[in-house]
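Data file: work.txt. Format and content: compact mmCIF, C-alpha atoms.
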```
# COMPACT_ATOMS: atom_id res chain seq x y z
CA MET A 1 -19.59 -1.45 -9.13
CA LYS A 2 -20.92 -3.04 -5.97
CA LEU A 3 -19.37 -5.55 -3.62
CA PHE A 4 -21.87 -7.90 -1.97
CA VAL A 5 -20.58 -9.76 1.07
CA THR A 6 -22.12 -12.67 2.91
CA ARG A 7 -21.07 -14.87 5.76
CA HIS A 8 -21.51 -18.62 5.35
CA GLY A 9 -24.47 -20.48 6.84
CA GLU A 10 -24.50 -21.53 10.48
CA THR A 11 -22.30 -24.37 11.74
CA ALA A 12 -22.64 -26.35 14.96
CA TRP A 13 -19.75 -24.32 16.39
CA ASN A 14 -21.48 -21.03 15.50
CA ALA A 15 -24.61 -22.20 17.32
CA LYS A 16 -22.49 -22.94 20.42
CA ARG A 17 -20.61 -19.62 20.05
CA LEU A 18 -17.30 -21.40 19.55
CA ILE A 19 -14.50 -19.85 17.53
CA SER A 20 -14.06 -21.55 14.18
CA GLY A 21 -11.24 -19.87 12.35
CA LEU A 22 -9.37 -22.25 10.08
CA SER A 23 -11.16 -25.38 11.33
CA ASP A 24 -13.06 -26.78 8.36
CA ILE A 25 -16.45 -27.13 10.02
CA PRO A 26 -19.43 -28.22 7.88
CA LEU A 27 -22.71 -26.37 7.74
CA ALA A 28 -25.39 -27.44 10.20
CA GLU A 29 -28.88 -28.19 8.92
CA LYS A 30 -29.89 -24.63 9.83
CA GLY A 31 -26.89 -23.35 7.87
CA ILE A 32 -27.97 -25.27 4.78
CA GLU A 33 -31.45 -23.78 5.10
CA GLN A 34 -29.95 -20.29 5.49
CA ALA A 35 -27.77 -20.80 2.39
CA GLN A 36 -30.74 -22.00 0.37
CA ALA A 37 -32.85 -19.04 1.51
CA LEU A 38 -30.05 -16.59 0.66
CA ALA A 39 -29.65 -18.17 -2.78
CA ARG A 40 -33.39 -17.83 -3.43
CA MET A 41 -33.37 -14.21 -2.29
CA LEU A 42 -30.37 -13.35 -4.47
CA ALA A 43 -32.00 -15.01 -7.49
CA ALA A 44 -35.25 -13.12 -6.84
CA HIS A 45 -33.32 -9.81 -6.79
CA GLN A 46 -30.81 -10.59 -9.54
CA ASP A 47 -32.41 -8.08 -11.92
CA GLU A 48 -31.60 -5.40 -9.34
CA TYR A 49 -28.32 -6.81 -7.93
CA GLN A 50 -26.75 -7.89 -11.22
CA ILE A 51 -24.12 -10.07 -9.49
CA LYS A 52 -21.77 -11.32 -12.21
CA HIS A 53 -18.98 -12.92 -10.16
CA ILE A 54 -18.72 -14.95 -6.96
CA VAL A 55 -15.48 -15.17 -4.99
CA VAL A 56 -15.40 -17.65 -2.11
CA SER A 57 -13.16 -18.78 0.74
CA HIS A 58 -11.76 -22.29 0.35
CA LEU A 59 -13.22 -23.51 3.66
CA GLN A 60 -16.14 -25.91 3.16
CA ARG A 61 -18.70 -23.90 5.11
CA ALA A 62 -18.22 -21.04 2.65
CA CYS A 63 -17.93 -23.29 -0.43
CA VAL A 64 -21.16 -25.13 0.39
CA THR A 65 -22.95 -21.83 0.98
CA ALA A 66 -21.62 -20.57 -2.35
CA SER A 67 -22.72 -23.75 -4.13
CA TYR A 68 -26.39 -22.90 -3.55
CA ILE A 69 -25.82 -19.37 -4.81
CA GLU A 70 -23.95 -20.63 -7.87
CA LYS A 71 -26.92 -22.82 -8.83
CA ALA A 72 -29.45 -20.05 -8.19
CA LEU A 73 -27.55 -17.43 -10.22
CA GLY A 74 -26.04 -19.71 -12.86
CA LEU A 75 -22.50 -18.61 -11.98
CA ILE A 76 -19.30 -20.45 -11.06
CA ALA A 77 -17.47 -19.25 -7.96
CA VAL A 78 -13.74 -18.56 -7.94
CA VAL A 79 -11.88 -19.67 -4.80
CA ASP A 80 -9.64 -17.10 -3.14
CA LYS A 81 -7.85 -18.38 -0.04
CA ARG A 82 -7.40 -14.80 1.18
CA LEU A 83 -11.12 -14.83 2.07
CA CYS A 84 -10.63 -17.63 4.61
CA GLU A 85 -11.42 -16.84 8.22
CA ILE A 86 -8.80 -15.26 10.42
CA ASP A 87 -6.38 -17.69 12.07
CA PHE A 88 -7.43 -17.48 15.70
CA GLY A 89 -4.61 -19.81 16.78
CA ASN A 90 -4.99 -21.08 20.34
CA PHE A 91 -8.49 -19.58 20.60
CA GLU A 92 -9.86 -22.09 18.09
CA LYS A 93 -12.90 -23.95 19.49
CA THR A 94 -13.05 -21.71 22.57
CA SER A 95 -15.86 -19.33 23.50
CA THR A 96 -16.38 -16.18 21.45
CA ARG A 97 -17.33 -14.54 24.74
CA SER A 98 -14.22 -15.38 26.77
CA GLU A 99 -12.49 -12.44 28.39
CA ALA A 100 -9.11 -13.42 26.92
CA PHE A 101 -10.49 -13.64 23.38
CA LEU A 102 -12.33 -10.31 23.63
CA LYS A 103 -9.24 -8.62 25.05
CA ASN A 104 -7.15 -9.93 22.14
CA LYS A 105 -9.83 -8.92 19.61
CA ALA A 106 -9.82 -5.38 21.02
CA ASN A 107 -6.19 -4.98 19.95
CA PRO A 108 -6.07 -5.35 16.16
CA TYR A 109 -2.26 -5.28 16.20
CA LYS A 110 -1.90 -8.27 18.53
CA ARG A 111 -1.73 -11.76 17.06
CA PHE A 112 -4.16 -14.31 18.39
CA GLY A 113 -1.81 -16.78 20.18
CA GLY A 114 -0.34 -19.00 17.47
CA GLY A 115 -2.45 -17.23 14.82
CA GLU A 116 -2.61 -13.90 13.04
CA SER A 117 -3.62 -10.39 14.02
CA ILE A 118 -6.69 -8.58 12.75
CA LEU A 119 -4.34 -6.12 11.06
CA HIS A 120 -2.60 -8.97 9.20
CA ALA A 121 -5.96 -10.37 8.10
CA ALA A 122 -7.07 -6.88 6.99
CA HIS A 123 -4.00 -6.64 4.79
CA ARG A 124 -4.96 -9.78 2.84
CA ILE A 125 -8.67 -8.87 2.73
CA TYR A 126 -8.01 -5.34 1.48
CA ALA A 127 -5.77 -6.84 -1.24
CA ALA A 128 -8.60 -9.22 -2.23
CA ILE A 129 -11.02 -6.26 -2.46
CA GLU A 130 -8.59 -4.28 -4.61
CA ASP A 131 -8.01 -7.31 -6.85
CA ALA A 132 -11.75 -7.84 -7.25
CA LYS A 133 -12.11 -4.20 -8.23
CA ASN A 134 -9.32 -4.48 -10.79
CA LEU A 135 -10.39 -7.84 -12.20
CA TYR A 136 -14.16 -7.49 -12.34
CA ALA A 137 -15.05 -3.79 -12.68
CA PRO A 138 -17.59 -2.60 -13.65
CA ASP A 139 -19.39 -5.87 -12.76
CA ASN A 140 -20.85 -6.52 -9.31
CA VAL A 141 -19.14 -9.16 -7.19
CA LEU A 142 -20.25 -11.36 -4.28
CA PHE A 143 -17.76 -12.47 -1.60
CA VAL A 144 -18.82 -15.60 0.32
CA CYS A 145 -16.67 -15.63 3.41
CA HIS A 146 -16.72 -15.61 7.22
CA GLY A 147 -17.82 -13.55 10.21
CA MET A 148 -14.61 -11.78 11.13
CA ILE A 149 -13.68 -11.39 7.47
CA SER A 150 -17.06 -9.75 6.78
CA ILE A 151 -16.38 -7.35 9.65
CA ILE A 152 -12.93 -6.56 8.27
CA VAL A 153 -14.45 -5.93 4.82
CA SER A 154 -16.77 -3.39 6.46
CA THR A 155 -13.72 -1.48 7.77
CA TYR A 156 -12.55 -0.98 4.18
CA PHE A 157 -15.75 0.94 3.40
CA LEU A 158 -16.92 2.37 6.74
CA ASP A 159 -15.25 4.47 9.41
CA TYR A 160 -15.59 3.34 13.01
CA GLU A 161 -15.03 5.93 15.69
CA THR A 162 -13.76 3.61 18.42
CA ILE A 163 -12.57 0.07 18.97
CA ASP A 164 -15.85 -0.48 20.83
CA ASP A 165 -17.72 0.26 17.61
CA PHE A 166 -15.63 -2.42 15.89
CA MET A 167 -16.06 -4.86 18.77
CA ASN A 168 -19.85 -4.55 18.65
CA ILE A 169 -20.29 -5.40 14.96
CA HIS A 170 -22.11 -8.70 14.46
CA ILE A 171 -22.60 -10.27 11.06
CA GLU A 172 -25.43 -12.80 10.85
CA ASN A 173 -24.94 -16.11 9.09
CA CYS A 174 -26.02 -15.59 5.45
CA GLY A 175 -26.59 -11.90 6.13
CA LEU A 176 -25.90 -9.66 3.16
CA GLN A 177 -23.90 -6.45 3.12
CA ILE A 178 -23.69 -4.25 0.03
CA TYR A 179 -20.91 -1.71 -0.57
CA GLU A 180 -20.33 0.78 -3.38
CA MET A 181 -16.89 0.36 -4.90
CA GLN A 182 -15.23 3.52 -6.21
```
As structure tokens, what does this structure read like?
Amino acid sequence: MKLFVTRHGETAWNAKRLISGLSDIPLAEKGIEQAQALARMLAAHQDEYQIKHIVVSHLQRACVTASYIEKALGLIAVVDKRLCEIDFGNFEKTSTRSEAFLKNKANPYKRFGGGESILHAAHRIYAAIEDAKNLYAPDNVLFVCHGMISIIVSTYFLDYETIDDFMNIHIENCGLQIYEMQ
């Protein structure tokens, strides 16, 4: 069983490097193009990928991205609110490069002011991964989610030596990660 993971297409806030946690930001024109290109690529490789299920965050940027994939693969996505982006609290719509944000991000146990911690988000994401494994095995599954959530998914499968390794992960909009599920 494989878990495929993609981040939604680009939004205007992504282009400006603004934090968009729970804000329901629509895809930008570039994001729509990215979603369409990803859908075409997945369809072209479906004989190899054999994706049988799509699970998507409820936020519109993820749902719209998933809608193109649904059409291309002939599947219907299931919404799982646990795949929504981390609640960045007071950091919402601030710079992803601010010193305060990066300092908070470097401590996975610390809640983002008024939001949740990375550890809390990992708890719900790991549960979603386990549920996907239990519900869909041996079929391959695609998660359509968000940047920080995609990074957290990677921590389920990969070991990072230091917090700096974690801090330096960047997931491209409509990038695709593939993990073997045991």
_Selected residue of minimal separation from Arg61 (chain A) among A:Leu119, A:Leu83, A:Ile25, A:Ala39, counting only C-alpha atoms_ = A:Ile25
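Proximity of A:Leu59, A:Ile54, A:Leu18, A:Ile86 to Asn140 (chain A), computed with all atoms listed in the file, is greatest for A:Ile54.
Among the candidates A:Val5, A:Leu135, A:Ala66, A:Leu176, the one nearest to Gln36 (chain A) when counting all atoms listed in the file is A:Ala66.
Among the candidates A:Asn173, A:Ser154, A:Thr6, A:Asn104, the residue lying nearest to Phe88 (chain A) is A:Asn104 (atoms considered: all atoms listed in the file).
The space separating CA of Gln182 (chain A) from CA of Ile152 (chain A) comes to 17.8 Å.
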*Any idea what's packed within 12 Å of Leu3 (chain A), counting only C-alpha atoms, ignoring anything in its chain fewer than 2 positions away? Could you give it as a ChimeraX atom specification?*
/A:1,5-6,49-55,128-133,136-144,150,153-154,156-157,176-182
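Across the model, the gap from CA of Glu99 (chain A) to CA of Leu22 (chain A) is 21.0 Å.
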